[in-house]
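Visitor: Here it is: the structure, laid out below.
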Amino acid sequence: MNQRIPPRVSRRAFLTTALASSGAAVVALGQRASAQEPVVHHSGAEAMHDAPPGSTGGHGGHDASGLVGEVDLTAFDPTQFLTHFDWGRESTTSEGRTLREWEITAIDKEVEVAPGVWFPAWTYNGQVPGPTFRCRQGDLLRFHFRNASSMPHTIHFHGIHPPSMDGVTPMIPTGGEFTYEFEARPFGLHLYHCHVMPLKRHIHKGLYGTFIIDPPEGRPPAREMVMVMNSFDTNFDNENEIYAVNTVAFHYANHPIQVKVGEPIRIYLVNITEFDPINSFHLHAGMYRLYRTGTDLERYEYTDNVIMGQGERHVLEFTLEYPGPYMFHAHQSELAELGWMGFFEATE
Ligand SMILES: [Cu+2]
């Protein structure tokens, strides 16, 4: 069932109205690629539940988000994405150097960002975020890019490389190909994204991902995860209706991340949120060491909240000392309430 709403209503005004009415549907402005007006996608007759604060969801029909239903996790599962690192095809050059190669294709694809809410994305390899590319400092990297999308795109990598490999020019037209080749440096937590104008649209549509360069000696052993703070303007009014880490609103609230008490945890945290000037990461009931941009193994800040502009990324390390659910979310309450909230579930 779709209920049409006035197309010019602002996100805040609509959310306020919808949340105020008892039993309101999930407040998400969705639009299929072909639709001309935003529509509200109801995921059921009783889409809004009152969840107790701190509920970790998934029990008894209630969840922590108020969402009912589930996105199609066979298409994209944020739980799998969280710990998946793509090291590419590894070989050795005649000079004895490690060479890593990847095939990347830009594809137009609708992605489900909340139950029943579809976003007409532009993707790398059919997923948002794109694959998490990983390598070691000093590796030779080759990214074979093919554009099967309807628009021109590029891949712009952060880090040090020749300007000819920077992914601003040339723009790769539909059907075109380009190979980006450079040495992996410096070690740290980087990102990649399309750099075609208008930039905010090309990035926001989903053409971004995480690019990790390990230090030559590696980092200490830990349970490693990638979290890309992203957002979706589902009705194209230059405001976001959905916020998340790794695309699906409230995914880690409905599917808490399972960890062990005392287990070292490392998060590669990237902010690619468009339209909002800042995003943030707040951990409940614990503190983390924050290594800014991951480019220094010694110096860190000890905190439970970090504010990040677009393109900023940090490595977070911590252990959880007690069993139980640990909430994490954007400390801007509005972002948390629109999907950017989750839980770690620590067990003995
Ligand atoms: Cu683009």
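If you're wondering about the labels, chains in the structure tokens are A, B, ... by order shown, residues count from 1 in each chain, ligands from 1 in order shown.
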Using only C-alpha atoms and all ligand atoms, which protein or nucleic acid residues are at most 10 Å from ligand 1, as a PDB file with N, CA, C and O atoms, in the first residue's frame?

Guide:
ATOM      1  N   ALA A 106      30.932   0.027 -12.922  1.00  0.00           N
ATOM      2  CA  ALA A 106      29.864   0.924 -12.480  1.00  0.00           C
ATOM      3  C   ALA A 106      28.544   0.443 -13.066  1.00  0.00           C
ATOM      4  O   ALA A 106      28.442   0.206 -14.277  1.00  0.00           O
ATOM      5  N   TRP A 122      23.661   4.519  -8.114  1.00  0.00           N
ATOM      6  CA  TRP A 122      24.762   4.211  -9.027  1.00  0.00           C
ATOM      7  C   TRP A 122      25.790   3.500  -8.171  1.00  0.00           C
ATOM      8  O   TRP A 122      26.138   3.976  -7.085  1.00  0.00           O
ATOM      9  N   THR A 123      26.275   2.356  -8.629  1.00  0.00           N
ATOM     10  CA  THR A 123      27.073   1.501  -7.752  1.00  0.00           C
ATOM     11  C   THR A 123      28.406   1.106  -8.384  1.00  0.00           C
ATOM     12  O   THR A 123      28.557   1.112  -9.603  1.00  0.00           O
ATOM     13  N   TYR A 124      29.349   0.750  -7.537  1.00  0.00           N
ATOM     14  CA  TYR A 124      30.529   0.001  -7.974  1.00  0.00           C
ATOM     15  C   TYR A 124      30.240  -1.472  -7.702  1.00  0.00           C
ATOM     16  O   TYR A 124      29.944  -1.860  -6.562  1.00  0.00           O
ATOM     17  N   ASN A 147      32.772   1.150 -17.207  1.00  0.00           N
ATOM     18  CA  ASN A 147      31.540   1.888 -16.911  1.00  0.00           C
ATOM     19  C   ASN A 147      30.357   1.304 -17.676  1.00  0.00           C
ATOM     20  O   ASN A 147      30.188   1.537 -18.864  1.00  0.00           O
ATOM     21  N   SER A 149      27.322   1.946 -16.545  1.00  0.00           N
ATOM     22  CA  SER A 149      26.251   2.797 -16.029  1.00  0.00           C
ATOM     23  C   SER A 149      25.782   3.758 -17.124  1.00  0.00           C
ATOM     24  O   SER A 149      26.395   3.867 -18.185  1.00  0.00           O
ATOM     25  N   SER A 150      24.712   4.454 -16.858  1.00  0.00           N
ATOM     26  CA  SER A 150      24.131   5.357 -17.854  1.00  0.00           C
ATOM     27  C   SER A 150      24.807   6.729 -17.859  1.00  0.00           C
ATOM     28  O   SER A 150      24.515   7.547 -18.717  1.00  0.00           O
ATOM     29  N   MET A 151      25.685   6.981 -16.885  1.00  0.00           N
ATOM     30  CA  MET A 151      26.344   8.287 -16.749  1.00  0.00           C
ATOM     31  C   MET A 151      27.852   8.106 -16.785  1.00  0.00           C
ATOM     32  O   MET A 151      28.347   7.025 -16.495  1.00  0.00           O
ATOM     33  N   PRO A 152      28.586   9.183 -17.121  1.00  0.00           N
ATOM     34  CA  PRO A 152      30.050   9.089 -17.004  1.00  0.00           C
ATOM     35  C   PRO A 152      30.480   9.038 -15.540  1.00  0.00           C
ATOM     36  O   PRO A 152      29.861   9.681 -14.690  1.00  0.00           O
ATOM     37  N   HIS A 153      31.497   8.260 -15.238  1.00  0.00           N
ATOM     38  CA  HIS A 153      31.995   8.153 -13.868  1.00  0.00           C
ATOM     39  C   HIS A 153      33.515   8.009 -13.868  1.00  0.00           C
ATOM     40  O   HIS A 153      34.128   7.791 -14.917  1.00  0.00           O
ATOM     41  N   THR A 154      34.081   8.088 -12.672  1.00  0.00           N
ATOM     42  CA  THR A 154      35.508   7.826 -12.465  1.00  0.00           C
ATOM     43  C   THR A 154      35.664   7.107 -11.132  1.00  0.00           C
ATOM     44  O   THR A 154      34.678   6.868 -10.425  1.00  0.00           O
ATOM     45  N   ILE A 155      36.900   6.776 -10.801  1.00  0.00           N
ATOM     46  CA  ILE A 155      37.222   6.380  -9.417  1.00  0.00           C
ATOM     47  C   ILE A 155      38.363   7.279  -8.941  1.00  0.00           C
ATOM     48  O   ILE A 155      39.452   7.265  -9.522  1.00  0.00           O
ATOM     49  N   HIS A 156      38.064   8.046  -7.927  1.00  0.00           N
ATOM     50  CA  HIS A 156      39.076   8.908  -7.306  1.00  0.00           C
ATOM     51  C   HIS A 156      39.483   8.259  -5.988  1.00  0.00           C
ATOM     52  O   HIS A 156      38.647   8.072  -5.109  1.00  0.00           O
ATOM     53  N   MET A 171      37.112  11.553 -17.543  1.00  0.00           N
ATOM     54  CA  MET A 171      35.808  10.974 -17.223  1.00  0.00           C
ATOM     55  C   MET A 171      35.610   9.761 -18.129  1.00  0.00           C
ATOM     56  O   MET A 171      35.892   9.824 -19.325  1.00  0.00           O
ATOM     57  N   ILE A 172      35.128   8.677 -17.548  1.00  0.00           N
ATOM     58  CA  ILE A 172      34.941   7.449 -18.324  1.00  0.00           C
ATOM     59  C   ILE A 172      33.479   7.378 -18.754  1.00  0.00           C
ATOM     60  O   ILE A 172      32.586   7.264 -17.900  1.00  0.00           O
ATOM     61  N   PRO A 173      33.239   7.474 -20.081  1.00  0.00           N
ATOM     62  CA  PRO A 173      31.843   7.490 -20.541  1.00  0.00           C
ATOM     63  C   PRO A 173      31.206   6.109 -20.441  1.00  0.00           C
ATOM     64  O   PRO A 173      31.900   5.105 -20.227  1.00  0.00           O
ATOM     65  N   HIS A 193      35.911   7.254  -4.368  1.00  0.00           N
ATOM     66  CA  HIS A 193      34.572   7.665  -4.814  1.00  0.00           C
ATOM     67  C   HIS A 193      34.652   8.247  -6.209  1.00  0.00           C
ATOM     68  O   HIS A 193      35.722   8.634  -6.678  1.00  0.00           O
ATOM     69  N   CYS A 194      33.535   8.326  -6.864  1.00  0.00           N
ATOM     70  CA  CYS A 194      33.445   8.967  -8.182  1.00  0.00           C
ATOM     71  C   CYS A 194      33.724  10.459  -8.012  1.00  0.00           C
ATOM     72  O   CYS A 194      33.419  11.054  -6.985  1.00  0.00           O
ATOM     73  N   HIS A 195      34.325  11.071  -9.069  1.00  0.00           N
ATOM     74  CA  HIS A 195      34.627  12.496  -8.969  1.00  0.00           C
ATOM     75  C   HIS A 195      34.092  13.271 -10.173  1.00  0.00           C
ATOM     76  O   HIS A 195      34.726  14.225 -10.650  1.00  0.00           O
ATOM     77  N   VAL A 196      32.947  12.854 -10.677  1.00  0.00           N
ATOM     78  CA  VAL A 196      32.322  13.562 -11.792  1.00  0.00           C
ATOM     79  C   VAL A 196      31.308  14.559 -11.232  1.00  0.00           C
ATOM     80  O   VAL A 196      30.642  14.293 -10.227  1.00  0.00           O
ATOM     81  N   MET A 197      31.212  15.739 -11.873  1.00  0.00           N
ATOM     82  CA  MET A 197      30.260  16.768 -11.440  1.00  0.00           C
ATOM     83  C   MET A 197      28.850  16.435 -11.925  1.00  0.00           C
ATOM     84  O   MET A 197      28.714  15.892 -13.007  1.00  0.00           O
ATOM     85  N   PRO A 198      27.799  16.814 -11.219  1.00  0.00           N
ATOM     86  CA  PRO A 198      27.838  17.402  -9.881  1.00  0.00           C
ATOM     87  C   PRO A 198      28.223  16.360  -8.833  1.00  0.00           C
ATOM     88  O   PRO A 198      27.582  15.324  -8.707  1.00  0.00           O
ATOM     89  N   LEU A 199      29.277  16.695  -8.127  1.00  0.00           N
ATOM     90  CA  LEU A 199      29.921  15.735  -7.237  1.00  0.00           C
ATOM     91  C   LEU A 199      28.990  15.200  -6.159  1.00  0.00           C
ATOM     92  O   LEU A 199      28.975  14.019  -5.849  1.00  0.00           O
ATOM     93  N   LYS A 200      28.210  16.097  -5.577  1.00  0.00           N
ATOM     94  CA  LYS A 200      27.381  15.637  -4.460  1.00  0.00           C
ATOM     95  C   LYS A 200      26.367  14.600  -4.935  1.00  0.00           C
ATOM     96  O   LYS A 200      26.005  13.696  -4.190  1.00  0.00           O
ATOM     97  N   ARG A 201      25.940  14.716  -6.192  1.00  0.00           N
ATOM     98  CA  ARG A 201      24.998  13.725  -6.707  1.00  0.00           C
ATOM     99  C   ARG A 201      25.730  12.419  -7.027  1.00  0.00           C
ATOM    100  O   ARG A 201      25.271  11.333  -6.693  1.00  0.00           O
ATOM    101  N   HIS A 202      26.904  12.521  -7.650  1.00  0.00           N
ATOM    102  CA  HIS A 202      27.618  11.296  -8.032  1.00  0.00           C
ATOM    103  C   HIS A 202      28.079  10.515  -6.809  1.00  0.00           C
ATOM    104  O   HIS A 202      28.090   9.288  -6.817  1.00  0.00           O
ATOM    105  N   ILE A 203      28.478  11.216  -5.758  1.00  0.00           N
ATOM    106  CA  ILE A 203      28.869  10.497  -4.539  1.00  0.00           C
ATOM    107  C   ILE A 203      27.631   9.956  -3.839  1.00  0.00           C
ATOM    108  O   ILE A 203      27.538   8.772  -3.511  1.00  0.00           O
ATOM    109  N   HIS A 204      26.651  10.841  -3.646  1.00  0.00           N
ATOM    110  CA  HIS A 204      25.482  10.450  -2.866  1.00  0.00           C
ATOM    111  C   HIS A 204      24.738   9.261  -3.478  1.00  0.00           C
ATOM    112  O   HIS A 204      24.138   8.457  -2.760  1.00  0.00           O
ATOM    113  N   LYS A 205      24.777   9.159  -4.795  1.00  0.00           N
ATOM    114  CA  LYS A 205      24.056   8.066  -5.454  1.00  0.00           C
ATOM    115  C   LYS A 205      24.645   6.693  -5.148  1.00  0.00           C
ATOM    116  O   LYS A 205      24.057   5.675  -5.487  1.00  0.00           O
ATOM    117  N   GLY A 206      25.830   6.665  -4.527  1.00  0.00           N
ATOM    118  CA  GLY A 206      26.332   5.375  -4.062  1.00  0.00           C
ATOM    119  C   GLY A 206      27.714   4.986  -4.555  1.00  0.00           C
ATOM    120  O   GLY A 206      28.185   3.892  -4.249  1.00  0.00           O
ATOM    121  N   LEU A 207      28.376   5.873  -5.308  1.00  0.00           N
ATOM    122  CA  LEU A 207      29.690   5.521  -5.863  1.00  0.00           C
ATOM    123  C   LEU A 207      30.801   5.879  -4.877  1.00  0.00           C
ATOM    124  O   LEU A 207      31.493   6.883  -5.034  1.00  0.00           O
ATOM    125  N   TYR A 208      30.953   5.046  -3.859  1.00  0.00           N
ATOM    126  CA  TYR A 208      32.001   5.253  -2.856  1.00  0.00           C
ATOM    127  C   TYR A 208      32.307   3.932  -2.161  1.00  0.00           C
ATOM    128  O   TYR A 208      31.499   2.990  -2.203  1.00  0.00           O
TER     129      TYR A 208
END

Visitor: Run DSSP on the backbone and grab whatever in region 145-193 of chain A lands in strand (DSSP E or B); send it over as a list in words.

Guide: Phe145, Arg146, Asn147, His153, His156, Phe157, Ile172, Glu177, Phe178, Thr179, Tyr180, Glu181, Phe182, Glu183, Gly188, Leu189, His190, Leu191, Tyr192 and His193 of chain A

Visitor: Counting only C-alpha atoms, figure out which residue out of A:Pro220, A:Met165, A:Gly138, A:Val226 gets nearest to Pro186 (chain A).

Guide: A:Gly138

Visitor: Env of Tyr180 (chain A): 12 Å cut, atoms = only C-alpha atoms, seq-sep filter 6 positions within chain, self excluded. Answer as a ChimeraX atom specification.

Guide: /A:100-104,140-146,154-157,161-170,172,192

Visitor: Quick one: write out the picked residues with N, CA, C and O atoms as a tab-separated table (two decimals), in the first residue's frame?

Guide:
chain	number	residue	atom	x	y	z
A	100	ARG	N	48.40	-6.28	-6.94
A	100	ARG	CA	47.00	-6.62	-6.66
A	100	ARG	C	46.12	-5.98	-7.73
A	100	ARG	O	46.30	-4.82	-8.08
A	101	GLU	N	45.17	-6.78	-8.24
A	101	GLU	CA	44.31	-6.28	-9.32
A	101	GLU	C	42.84	-6.53	-8.99
A	101	GLU	O	42.49	-7.55	-8.41
A	102	TRP	N	42.03	-5.58	-9.38
A	102	TRP	CA	40.59	-5.68	-9.17
A	102	TRP	C	39.84	-5.31	-10.45
A	102	TRP	O	40.35	-4.52	-11.26
A	103	GLU	N	38.68	-5.89	-10.64
A	103	GLU	CA	37.77	-5.48	-11.71
A	103	GLU	C	36.62	-4.73	-11.04
A	103	GLU	O	35.98	-5.23	-10.13
A	104	ILE	N	36.38	-3.52	-11.52
A	104	ILE	CA	35.30	-2.72	-10.95
A	104	ILE	C	34.40	-2.24	-12.08
A	104	ILE	O	34.89	-1.66	-13.06
A	140	LEU	N	51.85	-2.82	-5.52
A	140	LEU	CA	51.45	-2.18	-6.77
A	140	LEU	C	49.97	-2.52	-7.01
A	140	LEU	O	49.59	-3.69	-6.93
A	141	LEU	N	49.15	-1.49	-7.26
A	141	LEU	CA	47.71	-1.69	-7.36
A	141	LEU	C	47.23	-1.39	-8.78
A	141	LEU	O	47.67	-0.41	-9.39
A	142	ARG	N	46.32	-2.24	-9.28
A	142	ARG	CA	45.69	-2.01	-10.58
A	142	ARG	C	44.19	-2.19	-10.44
A	142	ARG	O	43.72	-3.27	-10.08
A	143	PHE	N	43.47	-1.13	-10.72
A	143	PHE	CA	42.00	-1.18	-10.68
A	143	PHE	C	41.48	-1.05	-12.10
A	143	PHE	O	41.59	0.01	-12.71
A	144	HIS	N	40.96	-2.15	-12.64
A	144	HIS	CA	40.42	-2.15	-14.00
A	144	HIS	C	38.97	-1.70	-13.93
A	144	HIS	O	38.11	-2.46	-13.50
A	145	PHE	N	38.72	-0.48	-14.37
A	145	PHE	CA	37.38	0.12	-14.23
A	145	PHE	C	36.65	0.08	-15.57
A	145	PHE	O	37.20	0.45	-16.60
A	146	ARG	N	35.40	-0.37	-15.51
A	146	ARG	CA	34.55	-0.41	-16.69
A	146	ARG	C	33.24	0.29	-16.35
A	146	ARG	O	32.66	0.04	-15.29
A	154	THR	N	34.08	8.09	-12.67
A	154	THR	CA	35.51	7.83	-12.47
A	154	THR	C	35.66	7.11	-11.13
A	154	THR	O	34.68	6.87	-10.43
A	155	ILE	N	36.90	6.78	-10.80
A	155	ILE	CA	37.22	6.38	-9.42
A	155	ILE	C	38.36	7.28	-8.94
A	155	ILE	O	39.45	7.27	-9.52
A	156	HIS	N	38.06	8.05	-7.93
A	156	HIS	CA	39.08	8.91	-7.31
A	156	HIS	C	39.48	8.26	-5.99
A	156	HIS	O	38.65	8.07	-5.11
A	157	PHE	N	40.77	7.91	-5.89
A	157	PHE	CA	41.28	7.31	-4.65
A	157	PHE	C	41.94	8.38	-3.80
A	157	PHE	O	42.64	9.25	-4.32
A	161	HIS	N	49.53	9.51	-5.17
A	161	HIS	CA	49.69	8.87	-6.48
A	161	HIS	C	49.86	9.96	-7.53
A	161	HIS	O	49.59	11.14	-7.26
A	162	PRO	N	50.27	9.61	-8.76
A	162	PRO	CA	50.39	10.63	-9.81
A	162	PRO	C	49.02	11.22	-10.12
A	162	PRO	O	48.01	10.50	-10.12
A	163	PRO	N	48.96	12.53	-10.40
A	163	PRO	CA	47.67	13.16	-10.75
A	163	PRO	C	46.96	12.48	-11.92
A	163	PRO	O	45.73	12.49	-11.98
A	164	SER	N	47.72	11.85	-12.82
A	164	SER	CA	47.09	11.16	-13.96
A	164	SER	C	46.27	9.96	-13.51
A	164	SER	O	45.45	9.44	-14.26
A	165	MET	N	46.47	9.52	-12.27
A	165	MET	CA	45.74	8.37	-11.72
A	165	MET	C	44.74	8.80	-10.65
A	165	MET	O	44.26	7.98	-9.87
A	166	ASP	N	44.44	10.09	-10.63
A	166	ASP	CA	43.66	10.65	-9.51
A	166	ASP	C	42.15	10.53	-9.69
A	166	ASP	O	41.39	10.83	-8.78
A	167	GLY	N	41.70	10.12	-10.86
A	167	GLY	CA	40.26	9.88	-11.04
A	167	GLY	C	39.41	11.13	-11.14
A	167	GLY	O	38.20	11.06	-10.89
A	168	VAL	N	40.03	12.26	-11.49
A	168	VAL	CA	39.22	13.44	-11.82
A	168	VAL	C	39.04	13.49	-13.33
A	168	VAL	O	37.92	13.59	-13.84
A	169	THR	N	40.14	13.41	-14.06
A	169	THR	CA	40.12	13.21	-15.51
A	169	THR	C	40.97	11.97	-15.81
A	169	THR	O	41.93	11.69	-15.09
A	170	PRO	N	40.67	11.24	-16.88
A	170	PRO	CA	39.52	11.46	-17.76
A	170	PRO	C	38.23	10.94	-17.13
A	170	PRO	O	38.26	10.01	-16.33
A	172	ILE	N	35.13	8.68	-17.55
A	172	ILE	CA	34.94	7.45	-18.32
A	172	ILE	C	33.48	7.38	-18.75
A	172	ILE	O	32.59	7.26	-17.90
A	192	TYR	N	37.51	5.78	-1.55
A	192	TYR	CA	37.46	6.06	-2.99
A	192	TYR	C	36.03	6.45	-3.33
A	192	TYR	O	35.08	6.06	-2.65

Visitor: Set the distance at 6 Å and use only C-alpha atoms: which residues neighbour region 331-342 of chain A once local chain neighbours fewer than 2 positions away are removed? I'd like the list as a PyMOL selection string.

Guide: chain A and resi 242-244+249-250+252-253+280+282+327-329

Visitor: Would you put the residues from that selection into a file with C-alpha atoms, as a PDB file, in the first residue's frame?

Guide:
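Output saved as again_32.pdb:
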ATOM      1  CA  ILE A 242      17.562   7.646   5.685  1.00  0.00           C
ATOM      2  CA  TYR A 243      20.851   7.387   7.575  1.00  0.00           C
ATOM      3  CA  ALA A 244      22.843   4.243   8.223  1.00  0.00           C
ATOM      4  CA  ALA A 249      18.765   1.695   8.267  1.00  0.00           C
ATOM      5  CA  PHE A 250      18.878   0.098  11.726  1.00  0.00           C
ATOM      6  CA  TYR A 252      22.801  -3.556  13.347  1.00  0.00           C
ATOM      7  CA  ALA A 253      19.968  -2.767  15.745  1.00  0.00           C
ATOM      8  CA  SER A 280      29.452  11.259  14.377  1.00  0.00           C
ATOM      9  CA  HIS A 282      29.187   7.507  19.751  1.00  0.00           C
ATOM     10  CA  MET A 327      24.443   0.780  21.668  1.00  0.00           C
ATOM     11  CA  PHE A 328      26.328   2.848  19.088  1.00  0.00           C
ATOM     12  CA  HIS A 329      24.921   5.670  16.991  1.00  0.00           C
TER      13      HIS A 329
END

Visitor: Leaving out Pro256 (chain A) and any residue of its chain fewer than 3 positions from it, which residues lie within 10 Å of it when counting only C-alpha atoms, given as an MDAnalysis selection string?

Guide: chainID A and resid 56:58 79 250:253 259 325:327 342:346

Visitor: Do you know which residues are at most 8 Å from region 261-267 of chain A counting only C-alpha atoms, after dropping those on the same chain fewer than 4 positions away, and could you put them as a ChimeraX atom specification?

Guide: /A:221-227,315-323,346-348

Visitor: Give me, as a VMD selection string, all polymer residues having an atom no more than 7 Å from Glu70 (chain A), counting only C-alpha atoms and skipping those fewer than 2 positions away in the same chain.

Guide: chain A and resid 68 72 115

Visitor: Let's have the selection written as an mmCIF file, in the first residue's frame, with N, CA and C atoms.

Guide:
data_model
loop_
_atom_site.group_PDB
_atom_site.id
_atom_site.type_symbol
_atom_site.label_atom_id
_atom_site.label_comp_id
_atom_site.auth_asym_id
_atom_site.auth_seq_id
_atom_site.Cartn_x
_atom_site.Cartn_y
_atom_site.Cartn_z
ATOM 1 N N VAL A 68 9.319 -2.452 10.823
ATOM 2 C CA VAL A 68 8.812 -3.817 10.771
ATOM 3 C C VAL A 68 9.163 -4.377 9.411
ATOM 4 N N ASP A 72 15.736 -7.264 1.813
ATOM 5 C CA ASP A 72 16.168 -8.511 1.196
ATOM 6 C C ASP A 72 17.678 -8.649 1.391
ATOM 7 N N PRO A 115 13.203 -1.413 4.993
ATOM 8 C CA PRO A 115 12.220 -2.356 4.450
ATOM 9 C C PRO A 115 11.229 -1.670 3.496
#

Visitor: Please measure the separation of CA of Arg136 (chain A) and CA of Thr303 (chain A), giving the value in Å to one decimal.

Guide: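 The value is 27.9 Å.
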
Visitor: Mind giving me the straight-line distance from CA of Arg185 (chain A) to CA of Ile213 (chain A) in Å, one decimal?

Guide: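 Taking CA of Arg185 (chain A) and CA of Ile213 (chain A), their separation equals 7.0 Å.
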
Visitor: Identify all residues of region 25-263 of chain A in alpha helix (DSSP H) (DSSP on the backbone) and supply them as a PDB file with C-alpha atoms, in the first residue's frame.

Guide:
ATOM      1  CA  PRO A  78      25.428  -5.457   5.946  1.00  0.00           C
ATOM      2  CA  THR A  79      26.486  -8.161   8.428  1.00  0.00           C
ATOM      3  CA  GLN A  80      28.560  -9.858   5.732  1.00  0.00           C
ATOM      4  CA  PHE A  81      29.787  -6.561   4.321  1.00  0.00           C
ATOM      5  CA  LEU A  82      31.003  -5.543   7.796  1.00  0.00           C
ATOM      6  CA  LEU A 199      29.921  15.735  -7.237  1.00  0.00           C
ATOM      7  CA  LYS A 200      27.381  15.637  -4.460  1.00  0.00           C
ATOM      8  CA  ARG A 201      24.998  13.725  -6.707  1.00  0.00           C
ATOM      9  CA  HIS A 202      27.618  11.296  -8.032  1.00  0.00           C
ATOM     10  CA  ILE A 203      28.869  10.497  -4.539  1.00  0.00           C
ATOM     11  CA  HIS A 204      25.482  10.450  -2.866  1.00  0.00           C
ATOM     12  CA  HIS A 251      20.466  -3.086  10.376  1.00  0.00           C
ATOM     13  CA  TYR A 252      22.801  -3.556  13.347  1.00  0.00           C
ATOM     14  CA  ALA A 253      19.968  -2.767  15.745  1.00  0.00           C
ATOM     15  CA  ASN A 254      17.947  -5.603  14.274  1.00  0.00           C
TER      16      ASN A 254
END

Visitor: Here is a test: counting only C-alpha atoms, which residue of A:Ile257, A:Tyr291, A:Val248, A:Gly175 is nearest to Val111 (chain A)?

Guide: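 Closest candidate: A:Val248.
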
Visitor: In Å, with one decimal, what is the gap from CA of Pro120 (chain A) to CA of Phe236 (chain A)?

Guide: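 Going from CA of Pro120 (chain A) over to CA of Phe236 (chain A) covers 10.6 Å.
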
Visitor: Identify which of the residues A:Glu90, A:Asp237, A:Glu95, A:Glu112 lies closest to Asp77 (chain A), counting only C-alpha atoms when measuring atom-to-atom distances.

Guide: A:Glu112

Visitor: Check the smallest atom-to-atom distance from each of A:His158, A:Arg299, A:His255, A:Arg97 to Phe211 (chain A) using only C-alpha atoms, then report the winner.

Guide: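 Closest candidate: A:His158.
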